[in-house]
2 protein chains.
Amino acid sequence: MIKITLPDGTLKEFSKGSTPMDVAKSISEGFARNVISAKFNDTTVETTTPLNENGSLVLYTWNDTEGKQAFWHSSSHIVAQAIEELYPGVKLTIGPSIENGFYYDVDLGDDRSISDKDFPKIEKKAIEIARGKHDFKMRSVTKKEALALYKEQGNEYKTELIENLEDGTITFCDHDTFTDLCRGGHIPNTGIVKAIKILSVAGAYWRGDENKTQLTRIYGISFPKQKELTEYLELLEQAKQRDHRKLGKELELFTFSQKVGAGLPLWLPKGAALRERLENFLKKAQKKAGYEMVVTPHIGQKELYVTSGHYAKYGEDSFQPIKTPKMDEEFLLKPMNCPHHCEVFNFKPHSYKDLPKRFAEFGTVYRYEQSGELHGLTRVRGFTQDDAHIFCTPDQLDQEFKNVIDLSLYVLNSLGFNNFKAQVSVRDLDNPDKYIGSVENWEKAENAIINAAKEKGLDYVIESGEAAFYGPKLDFMVKDALGRNWQLGTIQVDYNLPERFDLTYKGSDNEDHRPVMIHRAPFGSMERFIALLLEHTGGNFPLWLIPDQAIVLPVSEKYEKYAKKVLNSLENDEIRALLDNRNETVGKKIREAEMNKIPFMIIIGENEEATNTISVRKHGGEDLGSISIKDFSDLVTSEINSTLKSF
Amino acid sequence: MIKITLPDGTLKEFSKGSTPMDVAKSISEGFARNVISAKFNDTTVETTTPLNENGSLVLYTWNDTEGKQAFWHSSSHIVAQAIEELYPGVKLTIGPSIENGFYYDVDLGDDRSISDKDFPKIEKKAIEIARGKHDFKMRSVTKKEALALYKEQGNEYKTELIENLEDGTITFCDHDTFTDLCRGGHIPNTGIVKAIKILSVAGAYWRGDENKTQLTRIYGISFPKQKELTEYLELLEQAKQRDHRKLGKELELFTFSQKVGAGLPLWLPKGAALRERLENFLKKAQKKAGYEMVVTPHIGQKELYVTSGHYAKYGEDSFQPIKTPKMDEEFLLKPMNCPHHCEVFNFKPHSYKDLPKRFAEFGTVYRYEQSGELHGLTRVRGFTQDDAHIFCTPDQLDQEFKNVIDLSLYVLNSLGFNNFKAQVSVRDLDNPDKYIGSVENWEKAENAIINAAKEKGLDYVIESGEAAFYGPKLDFMVKDALGRNWQLGTIQVDYNLPERFDLTYKGSDNEDHRPVMIHRAPFGSMERFIALLLEHTGGNFPLWLIPDQAIVLPVSEKYEKYAKKVLNSLENDEIRALLDNRNETVGKKIREAEMNKIPFMIIIGENEEATNTISVRKHGGEDLGSISIKDFSDLVTSEINSTLKSF
C-alpha cells in the first residue's frame, strides 16, 4: 500500500501501482470524469501513470491552469498528426502549450507552405482524429531506438533534440497512429478535445537562432466544448476591436512618430486633456490624503543611481549615460523617481514630529526596451508614473499602509475596476539571508500589510518568497471586461533606500532613526493605465473622464444659431461638447458620433428651437426625448456624481 | 567748413577742427555741461577730438548707456592711478567698463594683496585725484615709444598688448601724472566723477588663461553724484536681500542636490504648488484663447534634431547623445519642444479649415551649461518652458500675433510687471541673403508684428538686423522693482521649421500650402520666471500665488481648539492657511510669520473665541482689528479679484 496526500490535507491509502485516475475515482466518479492531468510530488505525470511510493498528488481539471496546459499540449499532438497526414514528409520539431493555446513548429520543405486558407482542412482533420478517442500512452525508449526512428524519417531536428538527452530519460507518446518525442503531461484521451481552431501561422527560426532554418509555426487553440471556442473567438474579436492602439488612433488620443522614436508616445490634445483629468482626479484625492507634490528633473548624475542601486539594476540594459562636453560628468535618464525623492527628503533635517512626509510627483521615467518588445502604450520607453514616496516611522507604517490601500481602492472603484484580488508578497522564511533590514522590521511590515488587507476586507493571497529583497509588498490583480488580468497599484515597503541615502529623523529620544519608505502608484503609469482603461471600456470612458461628453447635431443649417446657443450653454455648465455643423444628414452625424463614442447626441431641429429644448440620444441608441438644457446638465452632473465619489 | 548731422536729422555747419564739445555748446551751454562722451561716424571719439570731415555725431550724457561706459572707463583710469600711487611698482594690465561699473586687473607682485580693508584708502585716493579736475588727453605714440615706456616699468603685460598692435594705431591717455595705453572714449575731465566705490576683489588669470599669471581684479563703480552712489549701494543691498537663491531656500520653494547634479532644481512642496498655480493660471487663459495642451517626451532620436537644425546648433556644446544597448540608436535630451510639436501637427493631414492649431505644453528641456555659469534658477541645466506653437495660414498671422500679445500682456499685468517696453526685431534689408522665406512673407510678418505692437499700444522700438534668420520677433523688456531689465515673453515668427518638417495644409484651392509657425512663451521658463518674481516681489508674491496666505496664531494652547476651527473654516473657503500652535510667545510667532512673508496673521485669544471673531494683522504691521471669519474670507477673495482678472 502507498499513502497519498491530497491538497486539502486528506491522507488516503491505495494499492501500489494505482494511477491518479484511480485516486480521482475514489473521490467521486463525477469528479474523475473532469480530471485531465495530475502532478505527483511536484512532477507532472499522466493520469494513467502508476504510483509506486508515498507522496502528494494534485489532480487538475480544465478549470486549472495546469489542466489547460495539459489539454493544449495534448492538442498540439493531435494537430501535429493532422499535419503529418495532410503534408506527408513534413518534419516536426517542437509543439508546446502557451498561455492561450499551443503551437507546433514544422519544416514543410522548400516548396510547400501553409496559409489561412489551409486552416479549415487542418482543423477538420484534427477534430476527426480527436473524435477517435485515442488514449495518450507514454513509453520509455532507448536513445538508440529514438534516434533510429527519426533518422529513418530524415528528421534532423528531433535527432538533434534526442542527441542532447541522456539515455534512460527518453520517452515517446503514442496516440492513434502518431508517435512523438515527449516528456509527458497529457490528458487521458483525444476525445476530450471537442473543438480545435488554428489561429495563425508565422515564421520561426529553429531554436530561435536566425542563422538556422526558418520553420513554419502553427498557432492553435482547443476547448472541451464547442461553445467555449465560440466564446473565445468572440473575445479575440472584441479584444481586437478594443485594442488601445486602434482606439487611441481613432479617438485621436495619442500617436507615435518615427522621427521622435519608437516607444515614445506623443499625447494629442484629447489624450493630453484626458490624462490631465486623471491626474487632477488623483491629485485631489492625494491632497486630501496629506500628500505634497514635488517636481524633480528627468536626469540625475550617474552617481545618484549608483547610490540608489538602480545603476546596477538598469545600467547596462537601459539608456546609456549622457556625457557632457569637456567636463567629466555623466548623467542618466531617470529610470525611477525614488532617488530624487530621497534627496528631496534630505534637503533639511527632520524630526519625528514632521513625519510622515508624503512626496508625490507625476514623474516621467525612461527605460530602454528592445524595439521588438514595444507595444502601444503598454510597453514603452518613456512613461509617467503617478509616483509617491511616504517617509514614516516604523510605528506609522501600519496606518500609512491602510491609507494607501484606501486610496488605491478609491482609484479602482472610481474607474470601474470592480473585479480584483490582492496579492501580498512576503519573505521566504527559509532564506533569511536574502533580505535586508531587521527581522523585527520585516515582521512589523508584513503584519502591517496583512492586517491592512484583512481590515480593508480585501480578497487576498499571501505569496511566500515573492517579496523584493528590500521589503514586502501588496499588488492588486485586476480583471478587465474581457477577463484578462492586469497587475495594478503596487504598494511596496522599502528599508533599502533609506539606508543607501542615509535618511534620518530625530526621534523623541533625540537620537537619529531611519524612516521606512513606502513606494506606491495607484495607476502604475499613466500610459499603461490609459491603455488598460481603453481596452476595459472599449473607449466608453466614464462620463467625467471621456474627451467629449456631448455633440450638438443640428438637422440643417437653419438651426445652427440655436445649436450654437445650446453649445454655449453646455460649455457654461462645464460640459465638454462639440458642434457638428457640417452639411451632412443627421443619420450620418449620429453614426460618426457613435463611432467616436460620444455619450450624448443632442439633436436640434424646428421643434427644439420652437420649444427651447433639446432632443437627447444616448450612445448606443437610447432616446431620452425632448428635455430642457438645464435638465440635461443636471442629468450629466448626477451621472458623474453617481460614479465619481469624492475621496 | 564741415557738415555735421545730429541724431534728430539736423544738419549744421562747423569750421574744420571743431570738437564734439563745440557742437554741444552750439546746441546749448546747459546741454554741453552734461555731455560726457561722443560717437562720430559710428566711432567712439573724445569730446575734445577735432572733427575734420562731414559726418554724423551723437553726443552722450550720463543718462545714456554709452555715456555711462565712458564715465566708468575713465574712472578705471583714476582708480589705476590711485593704485599705482598706493602700491608703487604695481603692474597694470587692462581696465574696461562693464555693465555696472568697471574693473582693473593688476599684478601686485607675490608679497602684496588687496583686501576689503584696503578699499577705503583706494577710494579716498581716487576721489582726491578726481577732484583735481584733470583733463583726459589722448595722444598718438609710436610702437617704439610705447614699448620703451612699459619696458622701463618692467610691465610685461602692457608690452605684450602693444606688441600685438600695429604701429601708427597706438594711443596713450594722460591725466594728471598718469598715463595709460588706451584706445580712447573718456569723459572730459576727472572732476565729473564725484563718487567712487570699490566693490570687490577677485582673482583673474591674465588673458583668462588658467596657465598664465593670476592677477588681482578690482571691481568698482562711480557716479556723477554722491546720492546716486548711495542709492546704488542700497539697491545692491536690496538685491542681496531679494536674491532668489536666498529667498528660495528660506521660503522652502526649491533646493539643489549635489547627488542629483548642479543646475537641476528640485522643487519642494511649497515651490511645486506655487509653480502649479502659475501653470494653472496660464492654462486657464490659454484654454480661453483656443490653445490645446499636448504632452511629448523629453527625448527624441538624434535624427529629429538633425531635421530641425537643433543638433547643428546645440549638438556639440550640449548634453551628448544617449546610446542604447546593442541597437544602433541615438537619442538626445530635447533642447526645445518645437520639433515634437511639429510631429504632433504632422500626425494627420490638415485643411485650412482646421487652422490655426495652437499646441501648448509645459515642456521640460535640457541644455548643458558649464558649472561655473550656473546661477540659481536663472541659469540651469533643465527648465520647463510654458511653450506653445501656433500653426496658421499666412493670412491668420496678423490676428494670431495680436492674440499672443494680449495673452503676454495679461500675464505681465497679472503678475505685477507694469514697467516694460517691446522690442521688434526685423531683417537687415541690406543683407537679404541671410534670411529664409519669401520677401512677401517677411513683409507680411514684420508688418503683422509692427501693426500688432501699434494697435496694442505698446511702447516699442524696431531693431533692424536683430531678427533670427528664420523670422522676425517681438520681445518684452521688463523692468523689475529694482530697476533691472529682463527679457520676457518672446513671440517669434518662424518659416524655417514648417519647411524642415514639410508641414502642409490643404488650402481652399485644394493645393498644399506651408503653415507659418509662431513660437511663444509668456513666462519664458517656469524656473527663470519664478526667480524673477521672487526678486521683483522680494518673496511677497501676489496673494493668489503666495504659498501660505494666512497663519493662525493662538496666544496660548487654551485657544488651540478655536484656532483649529478657524483653520478649518479658512480651508473650506479655499484659503491656504497654517496653524502655529507651538508653545511660543505670539511676538515670536509674528516675527517668524513676517520672515516667512505670510500676508495675514490671525491672532486668536480669549476675546476672539468669546466673540467668534479673529484679529487680523497684515504682513508689514497693519492691524485690521477684530473681524468675522466670513469678512476675512471676503477680504481675501476681493484682494485676489482686484489683482487677478480673468483673461
# chains A, B, ... in the order shown; residues from 1 in each chain; ligands from 1

$ closest_atom_pairs --of "chain A" --to "chain B" --cutoff "9 Å" --atoms "only C-alpha atoms" --output "tab-separated table"
residue	atom	partner	partner_atom	distance
A:Thr255	CA	B:Phe347	CA	6.9
A:Phe256	CA	B:Phe347	CA	8.2
A:Ser257	CA	B:Glu343	CA	6.6
A:Gln258	CA	B:Gln301	CA	8.7
A:Lys259	CA	B:Leu304	CA	5.3
A:Val260	CA	B:Gly300	CA	4.6
A:Gly261	CA	B:Gln301	CA	5.6
A:Leu264	CA	B:Pro297	CA	6.2
A:Pro265	CA	B:Thr296	CA	6.9
A:Leu266	CA	B:Thr296	CA	4.8
A:Trp267	CA	B:Val295	CA	4.9
A:Leu268	CA	B:Val294	CA	5.3
A:Pro269	CA	B:Val294	CA	5.1
A:Lys270	CA	B:Val294	CA	8.3
A:Gly271	CA	B:Val294	CA	7.9
A:Ala272	CA	B:Val294	CA	5.2
A:Ala273	CA	B:Met293	CA	6.8
A:Glu292	CA	B:Pro269	CA	5.5
A:Met293	CA	B:Pro269	CA	5.4
A:Val294	CA	B:Pro269	CA	5.1
A:Val295	CA	B:Trp267	CA	4.9
A:Thr296	CA	B:Leu266	CA	4.8
A:Pro297	CA	B:Leu264	CA	6.2
A:His298	CA	B:His298	CA	7.9
A:Ile299	CA	B:Val260	CA	7.8
A:Gly300	CA	B:Val260	CA	4.6
A:Gln301	CA	B:Val260	CA	5.4
A:Lys302	CA	B:Val260	CA	8.5
A:Glu303	CA	B:Lys259	CA	6.7
A:Leu304	CA	B:Lys259	CA	5.3
A:Thr307	CA	B:Lys259	CA	8.8
A:Glu316	CA	B:Pro325	CA	7.0
A:Asp317	CA	B:Pro325	CA	5.9
A:Ser318	CA	B:Thr324	CA	6.5
A:Phe319	CA	B:Thr324	CA	5.0
A:Gln320	CA	B:Lys323	CA	5.2
A:Pro321	CA	B:Ile322	CA	6.5
A:Ile322	CA	B:Ile322	CA	5.5
A:Lys323	CA	B:Gln320	CA	5.2
A:Thr324	CA	B:Phe319	CA	5.0
A:Pro325	CA	B:Asp317	CA	5.9
A:Lys326	CA	B:Asp317	CA	8.9
A:Met327	CA	B:Gln370	CA	8.0
A:Phe331	CA	B:Gly261	CA	8.4
A:Leu332	CA	B:Ile322	CA	8.8
A:Leu333	CA	B:Leu333	CA	8.8
A:Pro339	CA	B:Val260	CA	8.4
A:His340	CA	B:Val260	CA	6.9
A:His341	CA	B:Leu266	CA	8.9
A:Glu343	CA	B:Ser257	CA	6.6
A:Val344	CA	B:Leu266	CA	6.8
A:Asn346	CA	B:Ser257	CA	8.8
A:Phe347	CA	B:Thr255	CA	6.9
A:Phe359	CA	B:Pro269	CA	7.8
A:Thr364	CA	B:Pro297	CA	8.4
A:Tyr368	CA	B:Thr324	CA	7.3
A:Gln370	CA	B:Met327	CA	8.1
A:Ser371	CA	B:Met327	CA	8.9
A:Gly382	CA	B:Pro297	CA	7.0
A:Phe383	CA	B:Pro297	CA	8.5

$ select_by_dssp --residues "region 43-209 of chain B" --states "strand (DSSP E or B)" --output "PyMOL selection string"
chain B and resi 43-45+51+55-60+91-92+97-98+101-107+135+137-140+171-175+178-181+189+195-205

$ closest_residue --among "A:Leu86, A:Glu46, A:Thr190, A:Leu51" --to "Arg112 (chain A)" --atoms "only C-alpha atoms"
A:Leu86

$ residues_around --residues "Asn441 (chain B)" --least-positions-apart "6" --cutoff "10 Å" --atoms "only C-alpha atoms" --output "list in words"
Pro394, Asp395, Asn447, Gly471, Tyr495 and Val516 of chain B

$ residues_around --residues "Lys357 (chain B)" --least-positions-apart "5" --cutoff "7 Å" --atoms "only C-alpha atoms" --output "short mmCIF file (atom, residue, chain, number, x, y, z; two decimals) with all heavy atoms, in the first residue's frame"
data_model
loop_
_atom_site.label_atom_id
_atom_site.label_comp_id
_atom_site.auth_asym_id
_atom_site.auth_seq_id
_atom_site.Cartn_x
_atom_site.Cartn_y
_atom_site.Cartn_z
N ILE B 390 1.97 77.91 -32.57
CA ILE B 390 0.75 78.16 -33.34
C ILE B 390 1.07 77.89 -34.80
O ILE B 390 2.07 78.39 -35.32
CB ILE B 390 0.27 79.61 -33.14
CG1 ILE B 390 -0.02 79.84 -31.65
CG2 ILE B 390 -0.95 79.90 -34.00
CD1 ILE B 390 -0.22 81.28 -31.28
N PHE B 391 0.25 77.05 -35.42
CA PHE B 391 0.41 76.76 -36.84
C PHE B 391 -0.77 77.43 -37.55
O PHE B 391 -1.92 77.06 -37.30
CB PHE B 391 0.38 75.25 -37.06
CG PHE B 391 1.48 74.50 -36.33
CD1 PHE B 391 1.31 74.14 -34.99
CD2 PHE B 391 2.68 74.21 -36.95
CE1 PHE B 391 2.32 73.47 -34.30
CE2 PHE B 391 3.69 73.53 -36.27
CZ PHE B 391 3.51 73.16 -34.94
N CYS B 392 -0.48 78.42 -38.40
CA CYS B 392 -1.58 79.16 -39.03
C CYS B 392 -1.27 79.45 -40.49
O CYS B 392 -0.15 79.24 -40.95
CB CYS B 392 -1.87 80.44 -38.25
SG CYS B 392 -0.53 81.64 -38.24
#

$ residues_around --residues "Phe417 (chain A)" --least-positions-apart "4" --cutoff "8 Å" --atoms "only C-alpha atoms" --output "list in words"
Leu412, Asn413, Val478, Lys479 and Asp480 of chain A

$ write_last_selection --atoms "all heavy atoms" --output "compact mmCIF listing (two decimals), in the first residue's frame"
# COMPACT_ATOMS: atom_id res chain seq x y z
N LEU A 412 -9.46 52.46 -8.09
CA LEU A 412 -10.02 51.33 -8.86
C LEU A 412 -11.53 51.45 -8.99
O LEU A 412 -12.08 51.30 -10.09
CB LEU A 412 -9.64 50.00 -8.20
CG LEU A 412 -8.15 49.63 -8.24
CD1 LEU A 412 -7.90 48.34 -7.47
CD2 LEU A 412 -7.67 49.48 -9.68
N ASN A 413 -12.20 51.75 -7.89
CA ASN A 413 -13.66 51.84 -7.92
C ASN A 413 -14.15 53.01 -8.78
O ASN A 413 -15.14 52.88 -9.50
CB ASN A 413 -14.22 51.98 -6.50
CG ASN A 413 -14.06 50.68 -5.73
OD1 ASN A 413 -14.13 49.59 -6.32
ND2 ASN A 413 -13.82 50.77 -4.43
N VAL A 478 -6.07 42.93 -11.22
CA VAL A 478 -7.36 43.45 -11.67
C VAL A 478 -7.81 42.71 -12.93
O VAL A 478 -7.02 42.53 -13.85
CB VAL A 478 -7.24 44.96 -11.97
CG1 VAL A 478 -8.54 45.51 -12.51
CG2 VAL A 478 -6.81 45.71 -10.72
N LYS A 479 -9.08 42.25 -12.93
CA LYS A 479 -9.63 41.58 -14.11
C LYS A 479 -10.38 42.63 -14.93
O LYS A 479 -11.20 43.37 -14.41
CB LYS A 479 -10.61 40.50 -13.65
CG LYS A 479 -10.63 39.27 -14.55
CD LYS A 479 -11.64 38.25 -14.08
CE LYS A 479 -11.06 37.04 -13.35
NZ LYS A 479 -10.06 36.28 -14.05
N ASP A 480 -10.07 42.69 -16.24
CA ASP A 480 -10.76 43.68 -17.06
C ASP A 480 -12.04 43.09 -17.67
O ASP A 480 -12.38 41.93 -17.41
CB ASP A 480 -9.82 44.30 -18.11
CG ASP A 480 -9.53 43.36 -19.27
OD1 ASP A 480 -10.14 42.27 -19.33
OD2 ASP A 480 -8.69 43.72 -20.11

$ residues_around --residues "region 152-159 of chain B" --least-positions-apart "3" --cutoff "12 Å" --atoms "only C-alpha atoms" --output "PyMOL selection string"
chain B and resi 84+88-95+105-109+143-149+162-165+170+172+180-182+205-207+212-213+215

$ select_by_dssp --residues "region 30-103 of chain A" --states "alpha helix (DSSP H)" --output "list in words"
Gly30, Phe31, Ala32, Arg33, Asn34, Thr65, Glu66, Gly67, Lys68, Gln69, Ala70, Phe71, Trp72, His73, Ser74, Ser75, Ser76, His77, Ile78, Val79, Ala80, Gln81, Ala82, Ile83, Glu84, Glu85 and Leu86 of chain A

$ closest_residue --among "B:Leu251, B:Pro335, B:Ile187, B:Asn403" --to "Tyr311 (chain B)" --atoms "only C-alpha atoms"
B:Pro335

$ atom_distance --atom1 "CA of Tyr470 (chain A)" --atom2 "CA of Asn496 (chain A)"
5.3 Å

$ residues_around --residues "Glu455 (chain B)" --least-positions-apart "3" --cutoff "12 Å" --atoms "only C-alpha atoms" --output "number ranges by chain"
B: 398-399, 401-403, 405-406, 447-452, 458-460

$ atom_distance --atom1 "CA of Leu355 (chain A)" --atom2 "CA of Lys284 (chain A)"
20.9 Å

$ closest_residue --among "A:Asn607, A:Ser222, A:Ser115, A:Lys121" --to "Ser75 (chain A)" --atoms "only C-alpha atoms"
A:Ser222

$ closest_residue --among "A:Lys444, A:Lys313, A:Arg514, A:Lys283" --to "Asp386 (chain A)" --atoms "only C-alpha atoms"
A:Lys283

$ atom_distance --atom1 "CA of Pro515 (chain B)" --atom2 "CA of Gln423 (chain B)"
24.8 Å
